[in-house]
Structure formats: C-alpha cells, structure tokens
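Data first, discussion second: the structure below is written as structure tokens.
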Amino acid sequence: MVVALLAATGLYGAASGAETGSAGTSPLWFDNRAAAEVSVQGTRFVDGHGREVVLRGFNVSGEVKLEENHGLPFASTADARKSARALRELAGGNSVRFLLSWAHAEPEPGRVDQAYLAKATEQMQVFLDAGLRVYPDFHQDLFSRHLFNKDSWYSGDGAPKWVVEAGGYGKEFCGICVHWGQNITQNKAVMDASRDFWHNRVVSTAAGRLGIQDAFLDSAQKTMSYIRQHLSADQFARVVGFDPYNEPYAGTYDKDQKSRAWEQDVLWPFYERFRSRMDAAGWQDKPAFVEPNMFWNSNLDFARQEGGLLDAGKLGPRYVFNTHFYDQKAISGIFMPGKAQDGQNSGDFAKVRDRAAATNTAAVVSEFGHPLNGSVADKAPTVLKAMYQGLDSRLSGRNWWTKTADSGPVLSSTQWQWDIYSGRHHELMNDNPDKVLTEGDAWNDEDLSSVGLNESGETVLRQDARLIDRLYPSAVQGRTLAFTYEDRSRDGDKTLTWDRIPDSLPNVGRLVGSGQYGVLVWRSGATTDGRTGADVPTELHLPRSFDPARTVVISDLGTVTGPPAYTAQGRTADHPIATAPEAGDTGGTGGTAARRLLLSVPAGSGTLHYALVSDGTAAPSAELRAAAQKELTQWAARSGFPAAPDDRRSG
C-alpha cells in the first residue's frame, strides 16, 4: 500500500418514522432493486434507473491482514454493524472494498474453509443491509505472511502457508530496507514467490501437484460461489464486482521483458482467467475490478514503470479500470518538504480518467490515503484534501469557475482504510509472542485508519469530519458535467479554502460566506426504459455538517433554505428540491441518520441543470437567493458546456 509504492458528535439523529417515505417505515419508491444494482455503461457506473453513480467509501479493512481475528475484518457481527453504521453516518460512504484472505479461505490445498466464508459473508451482509455497495478484494501484500519468520522486521498477507512451504522459498531477506514496501523489489523470497504465482508454477502439495495460480483461481471461484449462494437477491444486487488481485507486480521480469509487456503477456491473461471464474460462479453480470502494474502511476519518476493496461484494448462493461494512488512525494518527506497545495493531484487523477476513457470503461481509485502518524503525518490534512479535490474534478480550485466545462467526471473511490480497532490491536507479529503490536494498524508500522473507538467504545473519526464526510453526487439522473466541493477542512487551526467564489459572482460569494458549499452541473437524460426520467431524482449525499433546516440550495429548479422532506404523488415529487434519509438500515432499527439531497427535474432529456448547495452559514435572505440564482444561471449559460450526448453510449 503506502510505502509499497514509495519503495521502488452528530448534528441530527436517527431518521424519523413520521417523515413521509422515510427509510424507517416505507422506503421511497425509487429505493428499489433498480437503485441498488450497478453496472458499467461506457465510462460510467449506472444504476438500474439509468442514473450515473459515484461510489465513495473506504476499505474494510486492514484487519484482514492480521491474525488476531483470523483473517476477518471484525471480531463479531456486532462490530461489523457498528462499523457499517459509522461509515454511513460519520463518513457518508455508500460503498466499501471488502477485504478477504486467501490464506484463511483455503488453509489446506483444495479445501475451502466453510466456517471462514460463513463469517466473512455474514459480516459482508451487514454492510449490504446498511445500504452500502460492496466489492470484495482477495488482498495480498508481499505475497504472504508465511514468507516471514518470527524475527522478521516485516510481515505480509495473502497466500496460504501450504503454498509457501510447497514453493520452498528459503529465508526472506530485504537487506537495508527502511520501509516494508522495499521488500517487493529487494526481497528475493517475495520476488520469487510473486513470479511463481504469475507463471503458475506447479508445486507438490498434500492434494497432489497444483499450479499456484490455478489453486488461487479455484479458491476464488469457490469463494464467489459461496457468497452468491448465501446472499439474498437484494443483497447480491448491491455487490458491484470483484477485485481479483491487490497491487500486482511481476516479482521479477523475464529476460528482456519490461512492465508494459508483462501487463500484456502475463497480467491480462490472468484477468481473463479470473473473469471466466466469475462467470462460472454466477457473477457474469458483475465486472472484474482489474488493477495495472502497481507502479504505473507513481508520481516519482524513478519509481514509475510504463503501464496502465495500455495494450488491453477496449475493456467494455465486464471490467473496471481499478487503480491505487498514494502521493509518494508527500510520503517520502524529501521530495515534497512542505504541505500539499491547491491542484496538486489534478494531473495524477486526470491520468486515471484518461485511461478509463481509452479503455472505454468506468474507473475506480480503490486505495488512496496518507499516514496519520509518524514524520509526515502533519501533511495528511492537505494531502487528503488535494486527493479528494482531484477525485471530484480535473481542475484546481483556482480554475474551476473559469474553466468549468473541463471539470470532467467525478471519480469513484475507496479510501484506505476504515478499521475500528485502530490503536487497540493485539497482534502477535508473525506469531511471535514477544512482538505484540497494538498501535496504529498493527501492520508494518502503518497508521491510516480514519476511524477508531473512544474510551467509551463509540466509533469516532480520527480525521477532520469536514474532510471525510463530503458532499458528492451519488446518483445523477443524466450525465455529470462538472462538480466541485469546498469542504473548508482544517490543517490544525487553519481553515483550508482552495475553491473561492470569483468576484464576478458577488451575490453567490455573499450567500456562501465562510461556509461549506458544492456545485453540481448536469444534463438530464433518459432512463433505461426510454422515458425522460423526470420522476427519478438526482441524489447528493448531505454531510452531517449540513443541517437540513439551514441548508441552502440555489438551482435552476428553484431556491430554498431548509429543503422539505421528500414526498411524492405516485412517482411525481411534490418539491423539486427535498431531503430524505439515505437508503438502508445501519443499526437494526430500520433506518439511518445519514441524509441526502434529492433534485427532481422537469420532463425533458438533455436539459442543462445546476445546483449550488451551501451549509447555510450566511443565512441568506430570499432576495439574496434570487440574486445568486440569476448570477449562476448566467454563469452556467456562458461556461461552454457541450451539447447533449447520447446517454446510451459511452461516457
């Protein structure tokens, strides 16, 4: 993960059952199976209503790398429920990358551990029932913890012990390794084991001679089959795909082979094999979330290797372009000595958008983050703000209002990581009773969890809530043309403001004041059944810092302070701008305290719409709202947004 790349208090309570259509009593008419289902259409994720979907959330969790809970994310289903509720209500997430362990799924060659899969699936169900979408990930780092002995400085995760024993990899040794990630390119045991996996080396086991990659694929198919069979149809609808392999790297290249050729000749055939196993397991309608060579997008020139699935052609809807990004310059403490600045990662995430467009599929950044402890932890507030800015838009804050038409699609992402046991572990490192790890992530000195438990055992954020719980367009009825969010997050006692309202929009500036705000520009589109889709609303997650009674919305659909609760006559909304609880049940009570803003557009496909959403800090008058609306209408008209595309083609 992080150094691997470097190496080479609520504002409102639970949803009220008295609110018309609340999640606690009768779900809203559009919160059905169609809303849960996600597929790939061109370069976009879309739900069954045809709305453009953005996946936002966290990895759950690094706990799977540890032995203290036997390769499971949680010690109990109750803890899983506590975590899911917090992720929904404290962080506003709608998705998780759910980690699984090959070592625990197949502790003996050819035998899948049904008890492990049962517990993992039960914990996964909690997140699905909470309204969160899930994509599982067979996780690995440094190939396997079983390559390391009890006196090793580092540890890994992934492959079972029997694979390592059959491979006969000798004693691991990294030499002068300052960070665990250097093992990837310097530790011969790790390198050899990785190479053997990619070349499907045949080894002798208790179950006979097996190809290592063949064994992995067999285990993955059995795991996917189990999950499919033990989830209800409604739960499986929220499973969006499967991540076959975390952070792939060759180990060692063949003679005269380089990264690009390895991706084409070795990595891509593996993904095709995995894709066929998904089909056989009943996942034929779910995409594979495929990662390029892990070094393809390093922002350090000497570490970057050519890649990005350049020769895979058009991937289409059965694959998702899946990548990680860590700001290695910032993590180094050397190549970026100060704090991150406005627009720092715009180019890095533009590369992800460009590769998704070139491969004609949707993109997800399934890992990103920054250490919260150690010598570079002081950079975390600005580094994470820069990353989220890059995920939201191609543009820096200083350019967003003047070059808005170049903003590009909003990227889906899952931050690393969400571990409620942060700082409370009891991990025997490599089974050594003299090395009990308790701090941080309890794994190779990492500390990246955005959540933890306080002294009362309550889940609390370890990062600024303004940064983590964000306004974002979770489902857009049509096509997103531009989006920005000024979170006003803090770096110590300093408020970070990178996206300032220009002087040419004085009333908009007065309306926003010093508060948080976001702007969405979209063009309405047809639904999957060919209708104009006026009845299916656009949804934005509403952070906890946006009190619904004070939230201000300025839109071509109208202006309002304190949007009303969503109600409808049949499928026609009573108010074009409204709020509602997020879908799902996070606590066994039939509802959630997380909320969303719903924007219902008039009939007609291809119409340009905009909405500015402010936290209401400035408490604007009706006259100021009207003046701001006039300014925004003129701004949107002159911003040069392209004509309406065919929403049924690629994005």
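Chain lettering (A, B, ...) mirrors the order of the structure tokens, residue numbering begins at 1 for each chain separately, and ligand numbering begins at 1 in order of display.
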* Asked: stretch 479-520 of chain A: which residues are helix (DSSP H, G or I) by DSSP, as a list in words?
  -> Pro506, Asn507, Val508, Gly509, Arg510, Leu511 and Val512 of chain A
Can those selected residues be exported to a file as a short mmCIF file (atom, residue, chain, number, x, y, z; two decimals), in the first residue's frame so that it contains N, CA, C and O atoms?
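Written output follows (result33.cif):
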data_model
loop_
_atom_site.label_atom_id
_atom_site.label_comp_id
_atom_site.auth_asym_id
_atom_site.auth_seq_id
_atom_site.Cartn_x
_atom_site.Cartn_y
_atom_site.Cartn_z
N PRO A 506 -20.63 38.15 -7.14
CA PRO A 506 -20.62 38.72 -5.78
C PRO A 506 -21.75 38.22 -4.90
O PRO A 506 -21.56 38.00 -3.69
N ASN A 507 -22.94 38.02 -5.47
CA ASN A 507 -24.05 37.56 -4.66
C ASN A 507 -23.89 36.10 -4.25
O ASN A 507 -24.29 35.70 -3.15
N VAL A 508 -23.31 35.29 -5.13
CA VAL A 508 -23.01 33.91 -4.78
C VAL A 508 -22.00 33.88 -3.64
O VAL A 508 -22.14 33.11 -2.67
N GLY A 509 -20.99 34.75 -3.72
CA GLY A 509 -19.99 34.83 -2.67
C GLY A 509 -20.59 35.24 -1.33
O GLY A 509 -20.25 34.68 -0.28
N ARG A 510 -21.51 36.21 -1.35
CA ARG A 510 -22.18 36.63 -0.11
C ARG A 510 -23.05 35.51 0.44
O ARG A 510 -23.10 35.30 1.65
N LEU A 511 -23.71 34.78 -0.43
CA LEU A 511 -24.60 33.71 0.01
C LEU A 511 -23.82 32.59 0.69
O LEU A 511 -24.23 32.06 1.71
N VAL A 512 -22.67 32.22 0.12
CA VAL A 512 -21.86 31.14 0.68
C VAL A 512 -21.14 31.60 1.94
O VAL A 512 -21.04 30.86 2.93
#
* Tell me which protein, DNA and RNA residues are within 9 Å of stretch 456-461 of chain A, counting only C-alpha atoms, leaving out same-chain ones fewer than 5 positions away, and put them as an MDAnalysis selection string. => chainID A and resid 9 82:83 86 90:91 420 449:451 468
Output C-alpha atoms for every residue in that selection, as an mmCIF file, in the first residue's frame.
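Once everything was written out, this is out-v3.cif:
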data_model
loop_
_atom_site.group_PDB
_atom_site.id
_atom_site.type_symbol
_atom_site.label_atom_id
_atom_site.label_comp_id
_atom_site.auth_asym_id
_atom_site.auth_seq_id
_atom_site.Cartn_x
_atom_site.Cartn_y
_atom_site.Cartn_z
ATOM 1 C CA THR A 9 -20.872 14.467 17.746
ATOM 2 C CA LYS A 82 -21.090 -0.739 14.478
ATOM 3 C CA SER A 83 -18.535 -0.115 11.745
ATOM 4 C CA ALA A 86 -20.322 4.731 11.496
ATOM 5 C CA LEU A 90 -19.947 9.698 10.163
ATOM 6 C CA ALA A 91 -18.281 9.459 6.764
ATOM 7 C CA ILE A 420 -12.500 0.459 14.177
ATOM 8 C CA SER A 449 -7.456 4.357 9.599
ATOM 9 C CA SER A 450 -9.882 7.287 9.502
ATOM 10 C CA VAL A 451 -11.891 5.780 12.347
ATOM 11 C CA ILE A 468 -14.135 12.880 5.382
#
* Determine the nearest neighbour of A:Gln305 from the options A:Val364, A:Ile331, A:Leu66, A:Ala250, counting only C-alpha atoms. => A:Ala250
Which residues come within 10 Å of stretch 163-166 of chain A, counting only C-alpha atoms, excluding same-chain residues fewer than 3 positions away, as an mmCIF file with N, CA, C and O atoms, in the first residue's frame?
data_model
loop_
_atom_site.group_PDB
_atom_site.id
_atom_site.type_symbol
_atom_site.label_atom_id
_atom_site.label_comp_id
_atom_site.auth_asym_id
_atom_site.auth_seq_id
_atom_site.Cartn_x
_atom_site.Cartn_y
_atom_site.Cartn_z
ATOM 1 N N ALA A 103 -5.426 -17.003 2.402
ATOM 2 C CA ALA A 103 -4.844 -17.921 3.385
ATOM 3 C C ALA A 103 -5.909 -18.532 4.280
ATOM 4 O O ALA A 103 -5.833 -19.718 4.650
ATOM 5 N N PRO A 107 -7.117 -22.909 3.809
ATOM 6 C CA PRO A 107 -5.989 -23.218 4.685
ATOM 7 C C PRO A 107 -5.255 -24.491 4.298
ATOM 8 O O PRO A 107 -4.104 -24.696 4.695
ATOM 9 N N GLU A 108 -5.924 -25.378 3.547
ATOM 10 C CA GLU A 108 -5.301 -26.593 3.039
ATOM 11 C C GLU A 108 -5.573 -26.678 1.547
ATOM 12 O O GLU A 108 -6.621 -26.218 1.075
ATOM 13 N N PRO A 109 -4.657 -27.272 0.783
ATOM 14 C CA PRO A 109 -4.834 -27.292 -0.669
ATOM 15 C C PRO A 109 -6.132 -27.979 -1.078
ATOM 16 O O PRO A 109 -6.407 -29.115 -0.669
ATOM 17 N N PHE A 143 3.058 -10.963 -0.955
ATOM 18 C CA PHE A 143 2.625 -12.304 -1.304
ATOM 19 C C PHE A 143 2.017 -13.083 -0.139
ATOM 20 O O PHE A 143 0.907 -13.605 -0.239
ATOM 21 N N SER A 144 2.725 -13.177 1.001
ATOM 22 C CA SER A 144 2.203 -13.987 2.106
ATOM 23 C C SER A 144 2.952 -13.687 3.391
ATOM 24 O O SER A 144 4.170 -13.456 3.378
ATOM 25 N N ARG A 145 2.246 -13.699 4.517
ATOM 26 C CA ARG A 145 2.900 -13.550 5.818
ATOM 27 C C ARG A 145 3.785 -14.744 6.124
ATOM 28 O O ARG A 145 4.716 -14.663 6.941
ATOM 29 N N HIS A 146 3.513 -15.875 5.472
ATOM 30 C CA HIS A 146 4.242 -17.107 5.774
ATOM 31 C C HIS A 146 5.621 -17.139 5.135
ATOM 32 O O HIS A 146 6.386 -18.082 5.364
ATOM 33 N N LEU A 147 5.969 -16.111 4.354
ATOM 34 C CA LEU A 147 7.343 -15.962 3.883
ATOM 35 C C LEU A 147 8.246 -15.422 4.986
ATOM 36 O O LEU A 147 9.475 -15.499 4.884
ATOM 37 N N ALA A 159 -1.218 -15.333 0.432
ATOM 38 C CA ALA A 159 -1.226 -16.762 0.117
ATOM 39 C C ALA A 159 -1.147 -17.635 1.368
ATOM 40 O O ALA A 159 -0.549 -17.254 2.377
ATOM 41 N N PRO A 160 -1.736 -18.837 1.299
ATOM 42 C CA PRO A 160 -1.713 -19.760 2.444
ATOM 43 C C PRO A 160 -0.310 -20.294 2.731
ATOM 44 O O PRO A 160 0.582 -20.270 1.866
ATOM 45 N N TYR A 169 10.808 -21.379 -0.486
ATOM 46 C CA TYR A 169 11.420 -20.082 -0.778
ATOM 47 C C TYR A 169 12.542 -19.666 0.158
ATOM 48 O O TYR A 169 12.963 -18.563 0.170
ATOM 49 N N GLY A 170 12.998 -20.445 1.000
ATOM 50 C CA GLY A 170 14.149 -20.074 1.807
ATOM 51 C C GLY A 170 13.858 -18.900 2.726
ATOM 52 O O GLY A 170 12.742 -18.387 2.806
ATOM 53 N N ALA A 189 12.833 -13.712 -1.631
ATOM 54 C CA ALA A 189 11.746 -14.654 -1.358
ATOM 55 C C ALA A 189 10.416 -14.098 -1.857
ATOM 56 O O ALA A 189 9.616 -14.811 -2.485
ATOM 57 N N ALA A 193 8.389 -15.735 -5.070
ATOM 58 C CA ALA A 193 7.041 -16.238 -4.859
ATOM 59 C C ALA A 193 6.045 -15.521 -5.776
ATOM 60 O O ALA A 193 5.139 -16.155 -6.342
ATOM 61 N N PHE A 197 3.757 -17.208 -8.851
ATOM 62 C CA PHE A 197 2.306 -17.072 -8.972
ATOM 63 C C PHE A 197 1.925 -16.685 -10.399
ATOM 64 O O PHE A 197 1.043 -17.309 -11.011
ATOM 65 N N VAL A 202 4.019 -25.116 -10.991
ATOM 66 C CA VAL A 202 3.403 -26.328 -10.460
ATOM 67 C C VAL A 202 4.237 -26.819 -9.280
ATOM 68 O O VAL A 202 5.458 -27.000 -9.395
ATOM 69 N N VAL A 203 3.572 -27.024 -8.139
ATOM 70 C CA VAL A 203 4.258 -27.465 -6.928
ATOM 71 C C VAL A 203 3.571 -28.718 -6.390
ATOM 72 O O VAL A 203 2.405 -28.994 -6.690
ATOM 73 N N SER A 204 4.310 -29.457 -5.588
ATOM 74 C CA SER A 204 3.772 -30.667 -4.965
ATOM 75 C C SER A 204 3.136 -30.320 -3.628
ATOM 76 O O SER A 204 3.755 -29.668 -2.779
ATOM 77 N N THR A 205 1.891 -30.755 -3.454
ATOM 78 C CA THR A 205 1.153 -30.480 -2.215
ATOM 79 C C THR A 205 0.512 -31.764 -1.707
ATOM 80 O O THR A 205 0.562 -32.807 -2.373
ATOM 81 N N ALA A 206 -0.128 -31.679 -0.560
ATOM 82 C CA ALA A 206 -0.822 -32.835 0.006
ATOM 83 C C ALA A 206 -1.976 -33.277 -0.879
ATOM 84 O O ALA A 206 -2.428 -34.428 -0.795
ATOM 85 N N ARG A 209 -0.058 -32.432 -7.316
ATOM 86 C CA ARG A 209 0.653 -31.347 -7.973
ATOM 87 C C ARG A 209 -0.352 -30.308 -8.457
ATOM 88 O O ARG A 209 -1.318 -30.632 -9.161
ATOM 89 N N LEU A 210 -0.102 -29.053 -8.061
ATOM 90 C CA LEU A 210 -1.022 -27.965 -8.375
ATOM 91 C C LEU A 210 -0.269 -26.766 -8.914
ATOM 92 O O LEU A 210 0.831 -26.439 -8.437
ATOM 93 N N GLY A 211 -0.853 -26.096 -9.902
ATOM 94 C CA GLY A 211 -0.352 -24.795 -10.308
ATOM 95 C C GLY A 211 -0.781 -23.771 -9.269
ATOM 96 O O GLY A 211 -1.936 -23.765 -8.829
ATOM 97 N N ILE A 212 0.136 -22.906 -8.851
ATOM 98 C CA ILE A 212 -0.180 -21.957 -7.779
ATOM 99 C C ILE A 212 -1.312 -21.026 -8.205
ATOM 100 O O ILE A 212 -2.253 -20.782 -7.439
ATOM 101 N N ALA A 215 -4.593 -22.885 -8.302
ATOM 102 C CA ALA A 215 -5.160 -23.080 -6.972
ATOM 103 C C ALA A 215 -5.862 -21.815 -6.495
ATOM 104 O O ALA A 215 -6.951 -21.876 -5.900
ATOM 105 N N PHE A 216 -5.240 -20.685 -6.750
ATOM 106 C CA PHE A 216 -5.871 -19.415 -6.369
ATOM 107 C C PHE A 216 -7.203 -19.223 -7.086
ATOM 108 O O PHE A 216 -8.209 -18.843 -6.476
#
* Give me the residues within 9 Å of A:Tyr245 as a list in words, counting only C-alpha atoms and dropping any in the same chain fewer than 6 places off. => Asp137, Phe138, His139, Gln140, Phe289, Val290 and Glu291 of chain A
Selection from above, N, CA and C atoms, as a short mmCIF file (atom, residue, chain, number, x, y, z; two decimals), in the first residue's frame, can you write it?
data_model
loop_
_atom_site.label_atom_id
_atom_site.label_comp_id
_atom_site.auth_asym_id
_atom_site.auth_seq_id
_atom_site.Cartn_x
_atom_site.Cartn_y
_atom_site.Cartn_z
N ASP A 137 -12.38 -8.04 -2.31
CA ASP A 137 -10.99 -7.99 -2.79
C ASP A 137 -10.21 -9.10 -2.12
N PHE A 138 -9.66 -10.03 -2.92
CA PHE A 138 -8.72 -11.01 -2.39
C PHE A 138 -7.38 -10.30 -2.21
N HIS A 139 -7.09 -9.90 -0.96
CA HIS A 139 -6.00 -8.98 -0.70
C HIS A 139 -4.67 -9.72 -0.54
N GLN A 140 -3.60 -9.03 -0.92
CA GLN A 140 -2.25 -9.54 -0.67
C GLN A 140 -1.29 -8.37 -0.60
N PHE A 289 -12.78 -5.81 -11.23
CA PHE A 289 -12.10 -4.53 -10.98
C PHE A 289 -10.59 -4.77 -11.11
N VAL A 290 -10.05 -4.57 -12.31
CA VAL A 290 -8.70 -5.01 -12.61
C VAL A 290 -7.68 -3.87 -12.45
N GLU A 291 -6.58 -4.21 -11.78
CA GLU A 291 -5.52 -3.23 -11.49
C GLU A 291 -4.34 -3.42 -12.44
#
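In terms of minimum interatomic distance to A:Ala120, A:Thr223 ranks closest within A:Thr223, A:Gln477, A:Ser152, A:Asn59, counting only C-alpha atoms.
Among the candidate residues A:Val190, A:Ile501, A:Ala618, A:Val54, the one lying nearest to A:Arg398 is A:Ile501, with distances computed using only C-alpha atoms.
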* Shell around A:Lys314 at 8 Å using only C-alpha atoms, local window under 4 positions removed, as a PyMOL selection string -> chain A and resi 358-361
* Exercise: A:Gln516 partners within 7 Å, only C-alpha atoms, chain neighbours under 5 positions left out, as a PyMOL selection string -> chain A and resi 486-488+614-615
* Among listed residues A:Ala340, A:Leu496, A:Ala35, A:Ala84, nearest A:Leu128 (using only C-alpha atoms) -> A:Ala84
* stretch 194-266 of chain A: which residues are strand (DSSP E) by DSSP, as a count of residues only? -> 8
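Excluding stretch 252-255 of chain A itself and any same-chain residue fewer than 6 positions from it, the protein and nucleic acid residues within 12 Å of it, counting only C-alpha atoms, are Ile184, Thr185, Gln186, Asn187, Lys188, Ala189, Val190, Met191, Asp192, Ala193, Ser194, Arg195, Asp196, Phe197, Trp198, His199, Ala261, Trp262, Glu263, Asp265, Val266 and Leu267 of chain A.
With only C-alpha atoms as the atoms that count, the residue of A:Ala377, A:Val46, A:Ala636, A:Leu448 with the shortest distance to A:Gly478 is A:Val46.
Our summary of the geometry notes that atom CA of A:Ala75 is positioned 9.7 Å from atom CA of A:Lys119.
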